[in-house]
$ cat entry.tsv   # TSV, C-alpha atoms
chain	number	residue	atom	x	y	z
A	1	MET	CA	35.82	-3.74	40.81
A	2	ARG	CA	36.48	-7.50	41.07
A	3	VAL	CA	39.20	-7.17	38.41
A	4	ILE	CA	40.92	-4.36	40.40
A	5	GLN	CA	40.69	-6.38	43.64
A	6	PHE	CA	42.21	-9.39	41.86
A	7	PHE	CA	45.28	-7.44	40.70
A	8	GLN	CA	45.74	-5.68	44.03
A	9	THR	CA	45.58	-8.90	46.04
A	10	SER	CA	48.10	-10.37	43.61
A	11	GLY	CA	50.70	-7.78	44.61
A	12	PHE	CA	50.16	-5.13	41.92
A	13	LYS	CA	50.26	-1.43	42.81
A	14	LYS	CA	47.22	0.74	42.05
A	15	THR	CA	48.98	2.62	39.22
A	16	SER	CA	49.99	-0.69	37.65
A	17	VAL	CA	46.39	-1.91	37.80
A	18	ILE	CA	45.17	1.21	35.93
A	19	CYS	CA	47.79	0.69	33.21
A	20	ILE	CA	46.80	-2.96	32.80
A	21	LEU	CA	43.10	-2.04	32.46
A	22	LEU	CA	43.89	0.55	29.81
A	23	PHE	CA	46.00	-1.97	27.93
A	24	LEU	CA	43.20	-4.54	28.00
A	25	ASP	CA	40.71	-1.88	26.80
A	26	LEU	CA	38.12	-3.04	29.31
A	27	PRO	CA	34.77	-1.19	29.38
A	28	ALA	CA	34.31	1.52	31.98
A	29	VAL	CA	32.72	0.56	35.25
A	30	GLY	CA	28.93	0.74	34.91
A	31	ALA	CA	28.98	0.57	31.08
A	32	GLN	CA	26.18	-1.55	29.59
A	33	SER	CA	26.35	-3.57	26.39
A	34	ILE	CA	23.42	-3.25	23.99
A	35	THR	CA	21.62	-6.54	23.41
A	36	THR	CA	19.85	-6.70	20.08
A	37	PRO	CA	16.34	-8.18	20.15
A	38	ASP	CA	15.77	-11.64	18.75
A	39	PHE	CA	13.08	-11.82	16.04
A	40	SER	CA	13.30	-15.61	15.72
A	41	GLY	CA	10.11	-17.66	15.84
A	42	LEU	CA	6.75	-18.22	14.23
A	43	TRP	CA	4.60	-15.16	13.52
A	44	PHE	CA	1.20	-14.32	12.07
A	45	PRO	CA	0.30	-11.02	10.33
A	46	ARG	CA	-2.09	-8.65	12.07
A	47	GLY	CA	-4.03	-7.72	8.97
A	48	PHE	CA	-2.66	-6.38	5.71
A	49	GLY	CA	-0.13	-3.57	5.57
A	50	LYS	CA	-1.43	0.03	5.55
A	51	THR	CA	-0.14	2.07	2.62
A	52	THR	CA	0.13	5.88	2.53
A	53	PRO	CA	-0.41	8.19	0.77
A	54	SER	CA	-3.60	7.18	-0.98
A	55	PRO	CA	-3.95	7.47	-3.90
A	56	LEU	CA	-0.35	6.66	-4.79
A	57	PRO	CA	1.72	9.70	-5.81
A	58	TYR	CA	2.35	8.73	-9.45
A	59	ASN	CA	4.33	11.12	-11.62
A	60	ASP	CA	2.73	12.27	-14.88
A	61	LYS	CA	4.11	9.43	-17.03
A	62	ALA	CA	3.22	6.74	-14.51
A	63	GLN	CA	-0.26	8.23	-14.03
A	64	LYS	CA	-0.90	7.85	-17.77
A	65	LEU	CA	0.15	4.21	-17.57
A	66	TYR	CA	-2.16	3.71	-14.59
A	67	ASP	CA	-5.10	5.30	-16.43
A	68	GLU	CA	-4.54	2.93	-19.34
A	69	TYR	CA	-4.04	-0.01	-17.01
A	70	ILE	CA	-7.40	0.27	-15.26
A	71	LYS	CA	-9.17	0.45	-18.63
A	72	THR	CA	-8.22	-3.16	-19.33
A	73	PHE	CA	-7.31	-4.71	-15.97
A	74	THR	CA	-10.02	-5.27	-13.35
A	75	PRO	CA	-9.60	-6.18	-9.65
A	76	ASP	CA	-10.19	-9.80	-10.71
A	77	ASP	CA	-7.02	-9.58	-12.82
A	78	ASP	CA	-4.87	-9.67	-9.70
A	79	PRO	CA	-1.58	-11.53	-10.38
A	80	GLY	CA	-1.55	-12.71	-6.78
A	81	LYS	CA	-4.48	-14.97	-7.61
A	82	PHE	CA	-2.37	-16.60	-10.30
A	83	CYS	CA	0.79	-17.47	-8.37
A	84	ILE	CA	2.82	-14.29	-9.02
A	85	GLN	CA	4.84	-13.62	-5.87
A	86	PRO	CA	4.03	-10.13	-4.52
A	87	GLY	CA	7.51	-9.52	-3.05
A	88	LEU	CA	8.47	-6.15	-1.56
A	89	PRO	CA	6.87	-3.79	-0.74
A	90	ARG	CA	3.53	-5.55	-1.13
A	91	ALA	CA	4.30	-8.61	1.00
A	92	ILE	CA	5.52	-6.62	3.97
A	93	TRP	CA	4.55	-9.57	6.18
A	94	GLY	CA	2.98	-12.02	3.72
A	95	ALA	CA	-0.63	-11.72	4.95
A	96	PRO	CA	-2.79	-13.73	5.30
A	97	PHE	CA	-0.22	-16.51	5.82
A	98	PRO	CA	2.20	-17.18	8.71
A	99	ILE	CA	5.93	-16.63	8.50
A	100	GLU	CA	8.98	-18.02	10.30
A	101	ILE	CA	12.07	-15.97	11.15
A	102	HIS	CA	15.50	-17.40	11.90
A	103	GLN	CA	18.02	-14.87	13.24
A	104	THR	CA	21.77	-15.17	13.71
A	105	GLU	CA	24.47	-12.59	14.34
A	106	ARG	CA	25.37	-12.43	10.64
A	107	ASP	CA	21.95	-12.64	8.92
A	108	ILE	CA	18.19	-13.00	9.23
A	109	THR	CA	16.21	-15.49	7.16
A	110	ILE	CA	12.45	-15.14	6.65
A	111	PHE	CA	10.30	-17.99	5.32
A	112	TYR	CA	6.82	-17.08	4.07
A	113	GLU	CA	4.11	-19.72	3.76
A	114	GLY	CA	2.38	-17.66	1.07
A	115	TYR	CA	3.90	-18.43	-2.34
A	116	PHE	CA	6.72	-20.16	-0.40
A	117	MET	CA	8.67	-16.90	-0.54
A	118	TYR	CA	12.11	-16.66	1.03
A	119	ARG	CA	14.12	-13.64	2.12
A	120	LYS	CA	17.63	-13.08	3.44
A	121	ILE	CA	18.76	-9.94	5.30
A	122	TYR	CA	22.54	-9.69	5.68
A	123	ILE	CA	23.88	-7.82	8.72
A	124	GLU	CA	26.58	-5.20	8.17
A	125	GLY	CA	30.02	-6.10	9.46
A	126	HIS	CA	29.84	-9.71	8.28
A	127	ASP	CA	30.73	-11.37	4.99
A	128	GLN	CA	27.91	-11.27	2.45
A	129	PRO	CA	27.57	-12.34	-1.19
A	130	GLU	CA	27.29	-9.77	-3.96
A	131	PRO	CA	23.84	-9.33	-5.55
A	132	VAL	CA	23.45	-11.24	-8.81
A	133	LEU	CA	19.99	-10.66	-10.32
A	134	PRO	CA	16.92	-8.62	-9.38
A	135	THR	CA	14.37	-10.63	-7.39
A	136	ARG	CA	10.92	-10.07	-5.90
A	137	MET	CA	12.48	-9.68	-2.43
A	138	GLY	CA	15.59	-7.85	-3.63
A	139	TYR	CA	18.99	-7.69	-1.94
A	140	SER	CA	18.79	-6.62	1.71
A	141	VAL	CA	21.48	-5.41	4.13
A	142	GLY	CA	20.64	-4.33	7.67
A	143	HIS	CA	22.26	-2.70	10.68
A	144	TRP	CA	21.17	-2.10	14.25
A	145	GLU	CA	20.34	1.33	15.62
A	146	GLY	CA	19.82	0.48	19.27
A	147	ASP	CA	16.91	-1.98	19.35
A	148	THR	CA	15.73	-1.09	15.82
A	149	LEU	CA	16.83	-3.05	12.75
A	150	VAL	CA	17.23	-0.76	9.73
A	151	VAL	CA	17.23	-2.62	6.40
A	152	HIS	CA	18.16	-1.21	2.98
A	153	THR	CA	16.93	-3.19	-0.05
A	154	SER	CA	17.88	-2.78	-3.71
A	155	HIS	CA	17.89	-5.02	-6.83
A	156	LEU	CA	14.12	-5.37	-6.78
A	157	ARG	CA	12.50	-7.01	-9.77
A	158	GLU	CA	10.01	-4.84	-11.66
A	159	TYR	CA	6.39	-5.33	-10.58
A	160	PRO	CA	4.20	-3.67	-13.26
A	161	TYR	CA	0.78	-4.69	-11.92
A	162	MET	CA	-0.81	-1.41	-10.96
A	163	ILE	CA	-3.84	-2.77	-9.12
A	164	ARG	CA	-1.38	-3.25	-6.26
A	165	THR	CA	1.58	-1.01	-5.35
A	166	PRO	CA	3.90	-1.31	-8.36
A	167	ASN	CA	7.64	-0.73	-8.48
A	168	SER	CA	10.23	-0.32	-11.23
A	169	SER	CA	13.67	-1.91	-11.27
A	170	GLN	CA	15.05	1.39	-9.91
A	171	ALA	CA	13.09	1.16	-6.66
A	172	THR	CA	14.72	0.99	-3.24
A	173	VAL	CA	13.22	0.16	0.13
A	174	VAL	CA	14.19	1.16	3.68
A	175	GLU	CA	12.59	-0.68	6.59
A	176	ARG	CA	12.65	-0.04	10.33
A	177	LEU	CA	11.75	-3.12	12.40
A	178	GLN	CA	11.10	-2.90	16.10
A	179	LEU	CA	9.90	-5.40	18.69
A	180	GLU	CA	7.12	-4.33	21.06
A	181	SER	CA	5.24	-5.85	24.00
A	182	ARG	CA	1.55	-5.01	24.24
A	183	ALA	CA	-1.21	-5.92	26.65
A	184	THR	CA	-4.10	-7.52	24.74
A	185	ASP	CA	-7.14	-9.02	26.53
A	186	GLY	CA	-5.18	-9.32	29.73
A	187	LYS	CA	-2.22	-11.02	28.06
A	188	THR	CA	1.15	-9.66	26.99
A	189	GLU	CA	1.59	-10.02	23.25
A	190	LYS	CA	4.90	-9.82	21.36
A	191	ILE	CA	4.54	-7.65	18.25
A	192	LEU	CA	7.06	-7.00	15.48
A	193	VAL	CA	6.40	-3.68	13.72
A	194	ASN	CA	7.76	-2.86	10.27
A	195	GLU	CA	7.64	0.63	8.78
A	196	LEU	CA	8.68	0.36	5.15
A	197	THR	CA	9.49	3.30	2.88
A	198	LEU	CA	9.50	2.75	-0.89
A	199	THR	CA	11.36	5.24	-3.08
A	200	ASP	CA	10.95	4.90	-6.83
A	201	PRO	CA	11.79	7.97	-8.97
A	202	VAL	CA	10.56	6.18	-12.11
A	203	LEU	CA	6.97	6.01	-10.81
A	204	TYR	CA	6.45	8.29	-7.82
A	205	THR	CA	6.90	11.93	-6.89
A	206	ALA	CA	7.17	11.10	-3.17
A	207	PRO	CA	8.03	8.11	-0.97
A	208	VAL	CA	5.36	5.48	-0.33
A	209	VAL	CA	5.12	4.20	3.25
A	210	VAL	CA	3.76	0.78	4.21
A	211	ARG	CA	3.29	-0.17	7.86
A	212	GLY	CA	2.59	-3.73	8.96
A	213	GLU	CA	2.63	-5.79	12.13
A	214	ILE	CA	3.01	-9.46	13.04
A	215	ALA	CA	2.27	-11.15	16.35
A	216	ALA	CA	4.18	-14.06	17.85
A	217	SER	CA	2.28	-17.26	17.05
A	218	PRO	CA	4.32	-20.28	18.16
A	219	ASP	CA	1.47	-22.72	17.45
A	220	THR	CA	1.10	-21.72	13.77
A	221	PRO	CA	3.61	-23.76	11.73
A	222	ILE	CA	4.51	-23.11	8.10
A	223	LEU	CA	2.61	-25.40	5.73
A	224	GLU	CA	3.42	-26.36	2.14
A	225	TYR	CA	2.30	-23.93	-0.57
A	226	SER	CA	2.44	-25.02	-4.19
A	227	CYS	CA	1.82	-22.73	-7.18
A	228	SER	CA	3.28	-21.99	-10.63
A	229	GLU	CA	3.69	-18.54	-12.26
A	230	THR	CA	2.93	-20.06	-15.67
A	231	ILE	CA	-0.75	-19.92	-14.65
A	232	TRP	CA	-0.53	-16.11	-14.82
A	233	ASP	CA	1.18	-16.16	-18.22
A	234	ASP	CA	-1.57	-18.40	-19.58
A	235	TYR	CA	-4.23	-16.12	-18.10
A	236	LEU	CA	-2.74	-13.00	-19.72
A	237	ILE	CA	-2.68	-14.72	-23.12
A	238	GLU	CA	-6.25	-15.95	-22.70
A	239	LYS	CA	-7.53	-12.49	-21.73
A	240	GLY	CA	-5.37	-10.61	-24.24
A	241	LEU	CA	-3.86	-8.49	-21.47
A	242	LYS	CA	-0.41	-6.87	-21.55
A	243	PRO	CA	1.12	-5.33	-18.40
A	244	PRO	CA	3.00	-2.02	-18.81
A	245	ASP	CA	6.76	-1.95	-19.31
A	246	PHE	CA	8.26	0.49	-16.78
A	247	GLU	CA	11.63	0.35	-18.53
A	248	GLU	CA	10.10	2.55	-21.23
A	249	LEU	CA	9.77	5.32	-18.61
A	250	ILE	CA	13.51	5.21	-17.92
A	251	ASN	CA	14.61	5.66	-21.53
$ encode --input "entry.tsv" --output "structure tokens"
Amino acid sequence: MRVIQFFQTSGFKKTSVICILLFLDLPAVGAQSITTPDFSGLWFPRGFGKTTPSPLPYNDKAQKLYDEYIKTFTPDDDPGKFCIQPGLPRAIWGAPFPIEIHQTERDITIFYEGYFMYRKIYIEGHDQPEPVLPTRMGYSVGHWEGDTLVVHTSHLREYPYMIRTPNSSQATVVERLQLESRATDGKTEKILVNELTLTDPVLYTAPVVVRGEIAASPDTPILEYSCSETIWDDYLIEKGLKPPDFEELIN
């Protein structure tokens, strides 16, 4: 209305004002712009992610590999204890370590204290580099659906350790991240919820869903984490253990 009043008081006729507004492509009166939530800040996981279904829906070939795997690998043979980064979908929020998120209009960067992992989510509509090699966190591109960030991830590095949730190099992940406010012990708590869906036709007959939450924790800074994956290689040699090769299932 202030724009219309300005033109009219400047000597423009009403019809001329309407034409000018159409030319400028101004939003309709009463229209509201959607403000995307800001995930930036320090956060701490609220427990480990919950995975469904359980047990995992392995296909016949993968089930045979799993049966062989548990004959030689025990829960103590967890690669996470020997500096192997869990990556997606296992490290949905990097529990039990804090994380820091830095958000801009063009991308979102996540720093994990655990294993000093790093992740970049590129936002559609902005320039982004092409993926080069598979990594533990993969290559992620997101877009906003209202106040929900939807992220598609590909180029995931194979994770053949079947004590956790494994994935082949053909796996893809879709995440839906949403910010919530909850009343906890009389205080309002900021919660970031992630519902992650893993699809891997090499291993599974159905999608695997992981749900995890983090709470704002501005007084929990990221500390240094030092570890080397060669510790795991040495451990496998010492124990005479050999992880499965999922590429054999593709051929």
$ residues_near_point --input "entry.tsv" --point "(4.8, -20.4, -2.7)" --cutoff "7 Å" --atoms "all atoms listed in the file" --output "JSON, numbers by chain"
{"A": [113, 114, 115, 116, 117, 225, 226, 227]}
$ write_last_selection --input "entry.tsv" --atoms "C-alpha atoms" --output "PDB file, keeping the file's coordinate frame"
ATOM      1  CA  GLU A 113       4.110 -19.720   3.760  1.00  0.00           C
ATOM      2  CA  GLY A 114       2.380 -17.660   1.070  1.00  0.00           C
ATOM      3  CA  TYR A 115       3.900 -18.430  -2.340  1.00  0.00           C
ATOM      4  CA  PHE A 116       6.720 -20.160  -0.400  1.00  0.00           C
ATOM      5  CA  MET A 117       8.670 -16.900  -0.540  1.00  0.00           C
ATOM      6  CA  TYR A 225       2.300 -23.930  -0.570  1.00  0.00           C
ATOM      7  CA  SER A 226       2.440 -25.020  -4.190  1.00  0.00           C
ATOM      8  CA  CYS A 227       1.820 -22.730  -7.180  1.00  0.00           C
TER       9      CYS A 227
END
$ residues_around --input "entry.tsv" --residues "A:Glu213" --least-positions-apart "4" --cutoff "8 Å" --atoms "all atoms listed in the file" --output "JSON, numbers by chain"
{"A": [45, 46, 47, 49, 93, 191, 192, 193, 194]}
$ closest_residue --input "entry.tsv" --among "A:Glu238, A:Glu100, A:Asp67, A:Glu175" --to "A:Ile214" --atoms "all atoms listed in the file"
A:Glu100
$ residues_around --input "entry.tsv" --residues "stretch 151-160 of chain A" --least-positions-apart "6" --cutoff "8 Å" --atoms "all atoms listed in the file" --output "list in words"
Leu88, Ile121, Pro131, Leu133, Pro134, Thr135, Arg136, Met137, Gly138, Tyr139, Ser140, Val141, Gly142, His143, Pro166, Asn167, Ser168, Ser169, Gln170, Ala171, Thr172, Val173, Val174, Glu175, Arg176, Pro243, Pro244, Asp245 and Phe246 of chain A
$ atom_distance --input "entry.tsv" --atom1 "atom CA of A:Tyr66" --atom2 "atom CA of A:Tyr161"
9.3 Å
$ atom_distance --input "entry.tsv" --atom1 "atom CA of A:Tyr69" --atom2 "atom CA of A:Gly212"
27.1 Å
$ atom_distance --input "entry.tsv" --atom1 "atom CA of A:Leu196" --atom2 "atom CA of A:Pro53"
12.8 Å
$ residues_around --input "entry.tsv" --residues "A:Thr52" --least-positions-apart "5" --cutoff "10 Å" --atoms "all atoms listed in the file" --output "PyMOL selection string"
chain A and resi 57+197+207-211
$ closest_residue --input "entry.tsv" --among "A:Arg90, A:Arg119, A:Lys64, A:Lys81" --to "A:Leu249" --atoms "all atoms listed in the file"
A:Lys64
$ closest_residue --input "entry.tsv" --among "A:Gln103, A:Gln128, A:Val202, A:Ala216" --to "A:Glu189" --atoms "all atoms listed in the file"
A:Ala216
$ closest_residue --input "entry.tsv" --among "A:Phe82, A:Phe48, A:Trp43, A:Phe73" --to "A:Asp233" --atoms "all atoms listed in the file"
A:Phe82
$ closest_residue --input "entry.tsv" --among "A:Leu241, A:Ile101, A:Ile70, A:Ile84" --to "A:Asp38" --atoms "all atoms listed in the file"
A:Ile101
$ closest_residue --input "entry.tsv" --among "A:Pro55, A:Gly186, A:Ile250, A:Tyr112" --to "A:Gln85" --atoms "only C-alpha atoms"
A:Tyr112
